[in-house]
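Asker: So here's final22.csv, just CSV, C-alpha atoms:
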```
chain,number,residue,atom,x,y,z
A,1,MET,CA,-22.5,105.7,102.4
A,2,ILE,CA,-20.2,103.3,100.6
A,3,HIS,CA,-20.1,99.8,102.0
A,4,PRO,CA,-16.6,98.3,101.3
A,5,ILE,CA,-15.8,94.6,101.0
A,6,PRO,CA,-13.0,93.0,103.0
A,7,PRO,CA,-9.5,93.3,101.5
A,8,GLY,CA,-8.6,90.2,99.5
A,9,THR,CA,-12.1,89.7,98.2
A,10,ARG,CA,-13.8,91.0,95.1
A,11,ASP,CA,-17.1,91.4,93.4
A,12,VAL,CA,-17.5,89.8,90.0
A,13,LEU,CA,-19.6,91.7,87.5
A,14,PRO,CA,-21.8,90.2,84.7
A,15,ASP,CA,-19.3,90.3,81.8
A,16,GLU,CA,-16.5,88.7,83.8
A,17,MET,CA,-18.9,86.3,85.4
A,18,ARG,CA,-19.9,85.0,82.0
A,19,GLU,CA,-16.3,84.5,81.1
A,20,LEU,CA,-15.6,82.7,84.4
A,21,ARG,CA,-18.5,80.4,83.9
A,22,ARG,CA,-17.2,79.5,80.4
A,23,LEU,CA,-13.8,78.8,81.8
A,24,ASN,CA,-15.2,76.7,84.7
A,25,ARG,CA,-17.3,74.7,82.3
A,26,ARG,CA,-14.3,74.1,80.0
A,27,LEU,CA,-12.0,73.0,82.8
A,28,ILE,CA,-14.6,70.5,84.2
A,29,GLU,CA,-15.2,69.3,80.6
A,30,VAL,CA,-11.4,68.6,80.2
A,31,PHE,CA,-11.2,66.8,83.5
A,32,GLU,CA,-14.3,64.7,82.8
A,33,ASP,CA,-13.1,63.8,79.3
A,34,ALA,CA,-9.9,62.5,81.0
A,35,GLY,CA,-12.0,60.2,83.2
A,36,TYR,CA,-12.2,62.3,86.4
A,37,GLY,CA,-15.5,62.5,88.2
A,38,GLU,CA,-16.5,65.9,89.6
A,39,VAL,CA,-17.1,66.0,93.4
A,40,ALA,CA,-18.0,68.7,95.9
A,41,THR,CA,-17.2,68.9,99.6
A,42,PRO,CA,-18.5,71.3,102.2
A,43,ALA,CA,-16.8,74.7,102.5
A,44,ILE,CA,-16.9,74.1,106.3
A,45,GLU,CA,-15.1,71.2,107.9
A,46,TYR,CA,-14.1,70.3,111.4
A,47,ASP,CA,-10.8,72.0,112.2
A,48,GLU,CA,-9.2,68.8,113.4
A,49,VAL,CA,-9.7,67.2,110.0
A,50,LEU,CA,-8.2,70.1,108.1
A,51,SER,CA,-5.3,70.3,110.6
A,52,ARG,CA,-4.2,66.8,109.5
A,53,GLY,CA,-2.8,68.1,106.3
A,54,GLU,CA,0.5,69.9,106.1
A,55,ARG,CA,-0.6,73.5,105.9
A,56,PRO,CA,1.9,76.3,105.2
A,57,SER,CA,1.5,79.4,107.5
A,58,SER,CA,0.3,81.3,104.4
A,59,ALA,CA,-2.7,78.9,104.2
A,60,SER,CA,-4.2,79.6,107.7
A,61,PRO,CA,-8.0,78.9,107.6
A,62,TYR,CA,-10.7,81.0,109.1
A,63,ARG,CA,-11.8,79.2,112.3
A,64,PHE,CA,-15.0,79.6,114.3
A,65,PHE,CA,-17.1,77.7,116.8
A,66,ASP,CA,-20.5,76.3,116.0
A,67,GLU,CA,-23.5,76.3,118.3
A,68,ASN,CA,-22.2,73.1,120.0
A,69,GLY,CA,-18.8,74.6,120.7
A,70,ASP,CA,-17.1,72.5,118.0
A,71,LEU,CA,-14.2,74.2,116.3
A,72,LEU,CA,-14.9,74.5,112.5
A,73,ALA,CA,-12.9,76.0,109.7
A,74,LEU,CA,-13.5,77.2,106.2
A,75,ARG,CA,-11.4,75.1,103.8
A,76,SER,CA,-8.2,76.8,102.7
A,77,ASP,CA,-7.3,74.2,100.1
A,78,MET,CA,-9.1,71.3,98.5
A,79,THR,CA,-6.5,68.5,99.1
A,80,VAL,CA,-7.5,67.5,102.7
A,81,PRO,CA,-11.3,67.6,102.0
A,82,ILE,CA,-10.8,65.4,99.0
A,83,ALA,CA,-8.6,63.0,101.1
A,84,ARG,CA,-11.3,62.9,103.7
A,85,LEU,CA,-13.9,62.2,101.1
A,86,ALA,CA,-11.8,59.4,99.6
A,87,ALA,CA,-11.1,57.8,103.0
A,88,THR,CA,-14.7,57.9,104.2
A,89,ARG,CA,-17.4,58.0,101.5
A,90,LEU,CA,-15.3,56.3,98.8
A,91,ALA,CA,-13.3,53.9,101.0
A,92,ALA,CA,-14.9,50.9,99.4
A,93,ALA,CA,-14.5,52.2,95.8
A,94,GLY,CA,-11.9,50.5,93.6
A,95,SER,CA,-8.6,52.0,93.0
A,96,PRO,CA,-7.5,54.3,91.4
A,97,LEU,CA,-9.8,57.1,92.2
A,98,ARG,CA,-10.0,59.9,89.7
A,99,LEU,CA,-11.7,63.0,91.1
A,100,CYS,CA,-12.0,66.6,90.0
A,101,TYR,CA,-13.3,69.7,91.6
A,102,MET,CA,-13.9,73.4,91.3
A,103,ALA,CA,-14.6,75.2,94.5
A,104,SER,CA,-14.1,78.3,96.6
A,105,ALA,CA,-11.4,78.2,99.3
A,106,TYR,CA,-10.6,80.8,102.0
A,107,ARG,CA,-7.4,81.8,103.6
A,108,ALA,CA,-6.6,84.2,106.4
A,109,VAL,CA,-3.8,86.0,104.7
A,110,ARG,CA,-2.4,89.5,104.6
A,111,PRO,CA,-4.1,91.1,101.5
A,112,GLN,CA,-1.4,93.8,101.4
A,113,ARG,CA,0.8,91.1,99.7
A,114,GLY,CA,-1.7,90.7,96.9
A,115,GLN,CA,-3.0,87.4,98.1
A,116,MET,CA,-6.7,86.7,97.9
A,117,ARG,CA,-8.7,85.7,101.0
A,118,GLU,CA,-11.3,84.1,98.8
A,119,PHE,CA,-10.4,82.3,95.6
A,120,VAL,CA,-11.5,79.4,93.3
A,121,GLN,CA,-9.4,76.3,93.1
A,122,ALA,CA,-9.8,73.8,90.3
A,123,GLY,CA,-8.0,70.6,90.1
A,124,VAL,CA,-7.8,66.8,89.9
A,125,GLU,CA,-6.8,64.2,92.4
A,126,LEU,CA,-5.5,60.8,91.3
A,127,ILE,CA,-5.5,58.5,94.3
A,128,GLY,CA,-4.0,55.0,94.2
A,129,GLU,CA,-2.1,55.2,90.9
A,130,PRO,CA,1.6,54.9,91.5
A,131,ALA,CA,4.3,57.1,89.9
A,132,PRO,CA,5.6,57.5,87.3
A,133,GLY,CA,2.5,56.6,85.4
A,134,GLY,CA,0.1,58.5,87.7
A,135,THR,CA,2.3,61.6,87.7
A,136,ALA,CA,2.5,61.5,83.9
A,137,GLU,CA,-1.3,61.2,83.7
A,138,VAL,CA,-1.9,64.2,85.9
A,139,VAL,CA,0.6,66.3,84.0
A,140,GLU,CA,-1.2,65.4,80.7
A,141,VAL,CA,-4.5,66.5,82.3
A,142,LEU,CA,-2.9,69.7,83.4
A,143,GLU,CA,-1.6,70.4,79.9
A,144,ALA,CA,-5.0,69.8,78.4
A,145,ALA,CA,-6.6,72.1,81.1
A,146,LEU,CA,-4.1,74.9,80.3
A,147,ASP,CA,-4.8,74.5,76.6
A,148,GLY,CA,-8.5,74.5,77.3
A,149,ALA,CA,-8.2,77.7,79.2
A,150,GLY,CA,-6.3,79.3,76.3
A,151,LEU,CA,-3.0,79.4,78.2
A,152,ASP,CA,-0.9,78.1,75.3
A,153,ARG,CA,2.3,79.7,76.5
A,154,ALA,CA,2.2,78.3,80.0
A,155,VAL,CA,5.3,76.4,81.3
A,156,ILE,CA,4.9,73.4,83.6
A,157,GLY,CA,7.6,73.0,86.2
A,158,LEU,CA,7.9,69.8,88.2
A,159,GLY,CA,9.7,69.2,91.5
A,160,ASP,CA,10.1,66.4,94.0
A,161,ALA,CA,9.9,67.3,97.7
A,162,ASP,CA,11.4,63.9,98.6
A,163,LEU,CA,14.6,64.7,96.5
A,164,TYR,CA,15.0,67.9,98.5
A,165,ARG,CA,14.6,66.1,101.8
A,166,GLN,CA,17.2,63.4,100.7
A,167,LEU,CA,19.7,66.1,99.8
A,168,LEU,CA,19.4,67.6,103.3
```
Written as structure tokens, how would this file's structure read?

Answerer:
Amino acid sequence: MIHPIPPGTRDVLPDEMRELRRLNRRLIEVFEDAGYGEVATPAIEYDEVLSRGERPSSASPYRFFDENGDLLALRSDMTVPIARLAATRLAAAGSPLRLCYMASAYRAVRPQRGQMREFVQAGVELIGEPAPGGTAEVVEVLEAALDGAGLDRAVIGLGDADLYRQLL
């Protein structure tokens, strides 16, 4: 009998796992070389905390109740957990905060559209450094990360959501 895995998930075999580990190490190395400290947050958060972020409908989390009846959710993105970490555990830390991460995230999506339910998200968060200097710094780190990953033909596109709102 064949035991399938849920659509939108995948097994990673040894050769690919070795390559993924090399890529993960390289990205964290680039982030740390730029002055960003690696952090980790739980995969499970209280749903009310995750609901504070603006979440597109495509990013619906998996929700469930714990043994006390509290509504929990698997993180569907790293931004809100990092914001929670900064506001609580790092509240007394000086500004700006430079944090980086590499973690699995989970979304209740329709796998027929080619979206993954489980995926790895890597990134940096620069908190407390105003634009345009902060934006330029993050774009520089992004460029170094893409180069470090061997994506030398990548194109970086920038947008401003506030500009769109002002035009409306």

Asker: Between atom CA of A:Thr135 and atom CA of A:Arg21, what is the spacing in Å?

Answerer: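 Here the two named atoms are 28.3 Å from each other.
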
Asker: Work out how far apart atom CA of A:Arg84 and atom CA of A:Glu125 are and give it in Å to one decimal.

Answerer: 12.2 Å

Asker: Please measure the separation of atom CA of A:Gly123 and atom CA of A:Met102, giving the value in Å to one decimal.

Answerer: 6.6 Å

Asker: Restricting the calculation to all atoms listed in the file, which member of A:Leu71, A:Arg52, A:Tyr36, A:Ser76 is positioned closest to A:Leu97?

Answerer: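 Counting all atoms listed in the file, the residue closest to A:Leu97 is A:Tyr36.
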
Asker: If you count only C-alpha atoms, which residues fall within 6 Å of stretch 105-122 of chain A, apart from same-chain ones fewer than 6 positions away, as number ranges by chain?

Answerer: A: 7-9, 59-62, 75-77

Asker: Just want the 6 Å neighbourhood of stretch 128-131 of chain A, counted on only C-alpha atoms, with same-chain residues fewer than 2 positions away dropped. Output as a PyMOL selection string.

Answerer: chain A and resi 95-96+133-135

Asker: Considering all atoms listed in the file, can you say which of A:Val138, A:Leu146, A:Leu23, A:Ala154 comes closest to A:Gly35?

Answerer: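 The answer is A:Val138, which sits nearest to A:Gly35.
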
Asker: Find the residues with any atom within 9 Å of (4.9, 72.6, 83.8); use all atoms listed in the file and the coordinates as given in the file, and write the answer as a PDB file with C-alpha atoms, keeping the file's coordinate frame.

Answerer:
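Dumped to part-v5.pdb:
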```pdb
ATOM      1  CA  VAL A 139       0.600  66.300  84.000  1.00  0.00           C
ATOM      2  CA  LEU A 142      -2.900  69.700  83.400  1.00  0.00           C
ATOM      3  CA  GLU A 143      -1.600  70.400  79.900  1.00  0.00           C
ATOM      4  CA  ALA A 154       2.200  78.300  80.000  1.00  0.00           C
ATOM      5  CA  VAL A 155       5.300  76.400  81.300  1.00  0.00           C
ATOM      6  CA  ILE A 156       4.900  73.400  83.600  1.00  0.00           C
ATOM      7  CA  GLY A 157       7.600  73.000  86.200  1.00  0.00           C
ATOM      8  CA  LEU A 158       7.900  69.800  88.200  1.00  0.00           C
TER       9      LEU A 158
END
```

Asker: Quick one: of A:Asp47, A:Asp11, A:Ala93, A:Leu99, who's nearest to A:Gly69, counting all atoms listed in the file?

Answerer: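 Nearest candidate to A:Gly69 out of A:Asp47, A:Asp11, A:Ala93, A:Leu99: A:Asp47.
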
Asker: From the options A:Leu50, A:Ala136, A:Ala34, A:Val39, which residue's atoms come nearest to A:Leu90, counting all atoms listed in the file?

Answerer: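 Residue with the minimum atom-to-atom distance to A:Leu90: A:Val39.
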
Asker: May I ask which of the residues A:Thr79, A:Ser104, A:Thr41, A:Asn24 is the closest one to A:Ala149, counting all atoms listed in the file?

Answerer: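 Closest residue, counting all atoms listed in the file: A:Asn24.
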
Asker: Find the residues near A:Glu32: any atom within 10 Å, counting all atoms listed in the file, skip ones fewer than 2 places away on the same chain, and give them as a list of chain:residue names.

Answerer: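 That gives A:Arg26, A:Leu27, A:Ile28, A:Glu29, A:Val30, A:Ala34, A:Gly35, A:Tyr36, A:Gly37, A:Glu38, A:Arg98, A:Leu99, A:Cys100, A:Val124, A:Val141.
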
Asker: Taking all atoms listed in the file into account, name the residue in A:Ala87, A:Phe64, A:Asp70, A:Val80 that is nearest to A:Val49.

Answerer: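 Under the stated criterion, the closest residue is A:Val80.
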